[in-house]
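The block underneath contains the structure these notes are about, expressed in C-alpha cells.
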Amino acid sequence: MAAAGARVTVFDASARQLAQDEAVAAREGLSLTTRQGFMHDLSAFDDASFDLIFHPVSNCFAPEILPVWRECFRVLRTGGALLAGFMNPMVYVFDAAAEERGELIVKHALPYADITHLPPDELDRRVARDHTVEFSHTLEAQIGGQLQAGFVLTHMFEDRDGGAPDTGRSAYFPTCMATRAVK
C-alpha cells in the first residue's frame with residue numbers, strides 16, 4: 001500500500017515484526033510509520049483517524065475479538081473499510097501432529113485455545129520455540145462481532161491453504177475467510 005502512495009501505519013505487538021517491516025520499507029525506499037501495541041487497544045490512535053484497516057489473519061492470537069472489532073470501528077472514519085482475514089474455526093478441530101503426517105483426526109472441541117487444550121509440557125515447548133499461542137473463534141464472533149461493533153458487511157470470501165488443494169484439510173473445506181466491512 002505504501003508502494004501505491006498510501007500513508008501506512010503498521011501496528012503490531014511484535015517488535016521483531018515491526019523491525020522487519022521497517023527494514024523492507026528502507027530497502028524499497030518506502031515511507032511508513034510503525035507503532036507497537038495490542039490489537040484490542042488502539043488507544044494510540046485518535047477516533048476516526050484511518051480510511052482503511054487491513055487486518056490480516058491475526059485474530060488467532062487474541063483471546064477475545066469483540067474488543068478488536070470495536071477498536072477498529074472507533075479508529076475508522078465514516079465510510080472507511082475494514083478488510084479482515086481469519087481462520088475457519090474448523091482448522092482447530094484437528095490434531096496438529098496427525099496433520100503433519102497427512103492424517104485428519106478430529107481431536108479438539110471448539111472454541112479452541114492452546115492454553116487450555118494443550119498439555120502443559122507441549123505448551124511450554126511451543127512457547128520456548130517462540131510460537132505465539134493461538135485461539136480459535138466462532139464465526140459468530142468473527143462476523144457477528146463486526147456487525148455488533150457497528151460495521152456493515154459488504155463482502156465475504158473463502159480461501160484454502162497455500163498447499164496443494166487435493167491434500168490435507170484444504171481438500172475438504174476452506175481454511176481461511178476474509179470480510180470487507182464498512183463504517
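Residue names in the C-alpha cells use chain letters A, B, ... in the order shown, residue numbers from 1 in each chain, and ligand numbers from 1 in the order shown.
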
| Residues within 12 Å of segment 24-34 of chain A, only C-alpha atoms, excluding chain neighbours under 2 positions, as a PyMOL selection string | chain A and resi 1-22+36-37+44

| field | Trp69 of chain A environment, 9 Å, only C-alpha atoms, sequence neighbours closer than 2 positions dropped, as a list of chain:residue names | value | A:His40, A:Ile65, A:Leu66, A:Pro67, A:Glu71, A:Cys72, A:Phe73, A:Arg74, A:Gln142, A:Gly145, A:Gln146, A:Leu147, A:Gln148, A:Ala149, A:Gly150, A:Phe151

| Residues within 10 Å of segment 174-181 of chain A, only C-alpha atoms, excluding chain neighbours under 4 positions, as a PyMOL selection string | chain A and resi 53-57+73+79-92+139+142-143+146-147+150-162+165+169-170

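Among A:Val127, A:Ala48, A:Val133, A:Leu76, the residue with the shortest atom-to-atom distance to Ile115 of chain A, counting only C-alpha atoms, is A:Val133.
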
| field | Per-residue DSSP, chain A, filtered to strand (DSSP E), as a PyMOL selection string | value | chain A and resi 9-12+33-36+50-55+76-87+152-159+176-182

Can you list, as a compact mmCIF listing (two decimals) with C-alpha atoms, in the first residue's frame, every protein, DNA or RNA residue that comes within 12 Å of segment 94-102 of chain A when you count only C-alpha atoms, leaving out same-chain residues fewer than 3 positions away?
```
# COMPACT_ATOMS: atom_id res chain seq x y z
CA PRO A 89 -12.67 -22.31 13.16
CA MET A 90 -12.74 -25.88 11.78
CA VAL A 91 -8.95 -25.72 11.33
CA ILE A 105 -8.02 -36.71 13.08
CA VAL A 106 -10.67 -34.80 15.00
CA LYS A 107 -9.28 -34.04 18.45
CA HIS A 108 -10.45 -30.69 19.82
CA ALA A 109 -13.81 -29.17 20.65
CA LEU A 110 -14.38 -25.56 19.64
CA TYR A 112 -10.01 -23.97 20.82
CA ASP A 114 -3.55 -23.58 23.03
CA HIS A 117 -6.26 -27.61 25.04
CA LEU A 118 -2.55 -28.45 25.04
CA GLU A 122 3.60 -29.20 24.92
CA ASP A 166 -6.04 -32.07 -3.12
CA THR A 167 -4.30 -32.97 0.14
CA GLY A 168 -4.95 -32.22 3.78
CA ARG A 169 -7.76 -30.11 5.14
CA SER A 170 -7.98 -27.89 2.05
CA ALA A 171 -9.36 -30.86 0.14
```

| field | Distance query Val68 of chain A at most 9 Å, only C-alpha atoms, self and fewer than 5 positions along chain excluded, as a list in words | value | Met39, His40, Asp41, Leu42, Asn59, Ala62 and Phe73 of chain A

| request: Based on DSSP run over this structure's backbone, return all residues of chain A in alpha helix (DSSP H), as a ChimeraX atom specification. | output: /A:15-28,66-75,96-100,114-117,120-128,139,145-149

Now that the selection is made, can you save its residues with N, CA and C atoms as a CSV table (one decimal), in the first residue's frame?
```
chain,number,residue,atom,x,y,z
A,15,ALA,N,7.9,-6.4,18.3
A,15,ALA,CA,9.0,-5.5,18.0
A,15,ALA,C,9.8,-6.1,16.8
A,16,ARG,N,10.0,-7.4,16.8
A,16,ARG,CA,10.7,-8.0,15.7
A,16,ARG,C,10.0,-7.9,14.4
A,17,GLN,N,8.7,-8.1,14.4
A,17,GLN,CA,7.9,-7.9,13.1
A,17,GLN,C,8.0,-6.5,12.6
A,18,LEU,N,7.8,-5.5,13.6
A,18,LEU,CA,7.9,-4.1,13.2
A,18,LEU,C,9.3,-3.8,12.6
A,19,ALA,N,10.3,-4.4,13.2
A,19,ALA,CA,11.7,-4.1,12.7
A,19,ALA,C,11.8,-4.7,11.2
A,20,GLN,N,11.2,-5.8,11.0
A,20,GLN,CA,11.3,-6.4,9.6
A,20,GLN,C,10.5,-5.5,8.6
A,21,ASP,N,9.4,-5.0,9.1
A,21,ASP,CA,8.6,-4.0,8.2
A,21,ASP,C,9.4,-2.8,7.9
A,22,GLU,N,10.1,-2.2,8.9
A,22,GLU,CA,10.9,-1.1,8.7
A,22,GLU,C,12.1,-1.4,7.8
A,23,ALA,N,12.7,-2.5,7.9
A,23,ALA,CA,13.8,-2.9,7.1
A,23,ALA,C,13.4,-3.0,5.6
A,24,VAL,N,12.3,-3.6,5.4
A,24,VAL,CA,11.8,-3.8,4.0
A,24,VAL,C,11.4,-2.4,3.4
A,25,ALA,N,10.8,-1.6,4.2
A,25,ALA,CA,10.5,-0.2,3.8
A,25,ALA,C,11.7,0.6,3.4
A,26,ALA,N,12.7,0.5,4.2
A,26,ALA,CA,14.0,1.2,4.0
A,26,ALA,C,14.6,0.6,2.7
A,27,ARG,N,14.7,-0.7,2.6
A,27,ARG,CA,15.3,-1.3,1.4
A,27,ARG,C,14.5,-0.9,0.1
A,28,GLU,N,13.2,-0.8,0.2
A,28,GLU,CA,12.4,-0.4,-1.0
A,28,GLU,C,12.2,1.1,-1.2
A,66,LEU,N,-14.1,-9.3,20.1
A,66,LEU,CA,-15.1,-8.2,20.0
A,66,LEU,C,-14.4,-6.8,20.4
A,67,PRO,N,-13.5,-6.8,21.4
A,67,PRO,CA,-12.7,-5.6,21.6
A,67,PRO,C,-11.9,-5.1,20.4
A,68,VAL,N,-11.4,-6.1,19.6
A,68,VAL,CA,-10.6,-5.7,18.4
A,68,VAL,C,-11.6,-5.0,17.4
A,69,TRP,N,-12.7,-5.6,17.1
A,69,TRP,CA,-13.7,-5.0,16.2
A,69,TRP,C,-14.1,-3.7,16.6
A,70,ARG,N,-14.4,-3.5,17.9
A,70,ARG,CA,-14.8,-2.2,18.5
A,70,ARG,C,-13.8,-1.1,18.3
A,71,GLU,N,-12.5,-1.5,18.5
A,71,GLU,CA,-11.4,-0.5,18.3
A,71,GLU,C,-11.3,-0.2,16.8
A,72,CYS,N,-11.4,-1.2,16.0
A,72,CYS,CA,-11.3,-0.9,14.5
A,72,CYS,C,-12.4,0.1,14.1
A,73,PHE,N,-13.6,-0.2,14.6
A,73,PHE,CA,-14.7,0.7,14.3
A,73,PHE,C,-14.4,2.2,14.8
A,74,ARG,N,-13.9,2.3,16.0
A,74,ARG,CA,-13.6,3.6,16.6
A,74,ARG,C,-12.6,4.4,15.8
A,75,VAL,N,-11.5,3.7,15.3
A,75,VAL,CA,-10.5,4.5,14.6
A,75,VAL,C,-10.7,4.7,13.1
A,96,ALA,N,-2.9,-31.5,15.4
A,96,ALA,CA,-1.8,-30.9,14.5
A,96,ALA,C,-0.7,-31.9,14.2
A,97,ALA,N,-0.3,-32.8,15.2
A,97,ALA,CA,0.7,-33.8,14.9
A,97,ALA,C,0.2,-34.7,13.8
A,98,ALA,N,-1.0,-35.1,13.9
A,98,ALA,CA,-1.5,-36.1,12.8
A,98,ALA,C,-1.6,-35.4,11.5
A,99,GLU,N,-1.9,-34.1,11.4
A,99,GLU,CA,-1.9,-33.3,10.2
A,99,GLU,C,-0.6,-33.3,9.5
A,100,GLU,N,0.5,-33.2,10.3
A,100,GLU,CA,1.8,-33.2,9.8
A,100,GLU,C,2.2,-34.6,9.2
A,114,ASP,N,-4.8,-22.8,22.6
A,114,ASP,CA,-3.6,-23.6,23.0
A,114,ASP,C,-3.4,-23.7,24.5
A,115,ILE,N,-3.7,-22.6,25.2
A,115,ILE,CA,-3.5,-22.5,26.7
A,115,ILE,C,-4.4,-23.4,27.5
A,116,THR,N,-5.5,-23.9,26.9
A,116,THR,CA,-6.4,-24.8,27.6
A,116,THR,C,-6.5,-26.2,27.0
A,117,HIS,N,-6.1,-26.3,25.7
A,117,HIS,CA,-6.3,-27.6,25.0
A,117,HIS,C,-5.0,-28.4,25.0
A,120,PRO,N,0.4,-29.1,29.4
A,120,PRO,CA,1.4,-28.1,29.9
A,120,PRO,C,2.8,-28.3,29.3
A,121,ASP,N,3.3,-29.5,29.1
A,121,ASP,CA,4.6,-29.7,28.6
A,121,ASP,C,4.7,-29.3,27.1
A,122,GLU,N,3.6,-29.6,26.3
A,122,GLU,CA,3.6,-29.2,24.9
A,122,GLU,C,3.5,-27.7,24.8
A,123,LEU,N,2.7,-27.1,25.6
A,123,LEU,CA,2.5,-25.6,25.6
A,123,LEU,C,3.9,-25.0,25.9
A,124,ASP,N,4.6,-25.5,26.9
A,124,ASP,CA,5.9,-25.0,27.3
A,124,ASP,C,6.9,-25.1,26.1
A,125,ARG,N,6.8,-26.2,25.4
A,125,ARG,CA,7.7,-26.4,24.2
A,125,ARG,C,7.4,-25.4,23.1
A,126,ARG,N,6.1,-25.2,22.9
A,126,ARG,CA,5.8,-24.2,21.8
A,126,ARG,C,6.2,-22.8,22.2
A,127,VAL,N,6.0,-22.4,23.4
A,127,VAL,CA,6.4,-21.1,23.8
A,127,VAL,C,7.9,-20.9,23.8
A,128,ALA,N,8.6,-22.0,24.2
A,128,ALA,CA,10.1,-22.0,24.1
A,128,ALA,C,10.6,-21.8,22.7
A,139,LEU,N,-17.6,-18.3,14.1
A,139,LEU,CA,-17.9,-17.4,13.1
A,139,LEU,C,-18.9,-16.3,13.6
A,145,GLY,N,-19.4,-10.4,15.4
A,145,GLY,CA,-18.7,-9.3,16.2
A,145,GLY,C,-18.5,-8.1,15.4
A,146,GLN,N,-18.2,-8.2,14.1
A,146,GLN,CA,-18.1,-7.0,13.3
A,146,GLN,C,-19.4,-6.2,13.2
A,147,LEU,N,-20.5,-7.0,13.0
A,147,LEU,CA,-21.8,-6.4,13.0
A,147,LEU,C,-22.2,-5.7,14.3
A,148,GLN,N,-21.9,-6.4,15.4
A,148,GLN,CA,-22.2,-5.9,16.7
A,148,GLN,C,-21.4,-4.6,17.0
A,149,ALA,N,-20.2,-4.5,16.5
A,149,ALA,CA,-19.3,-3.3,16.6
A,149,ALA,C,-19.9,-2.1,15.8
```
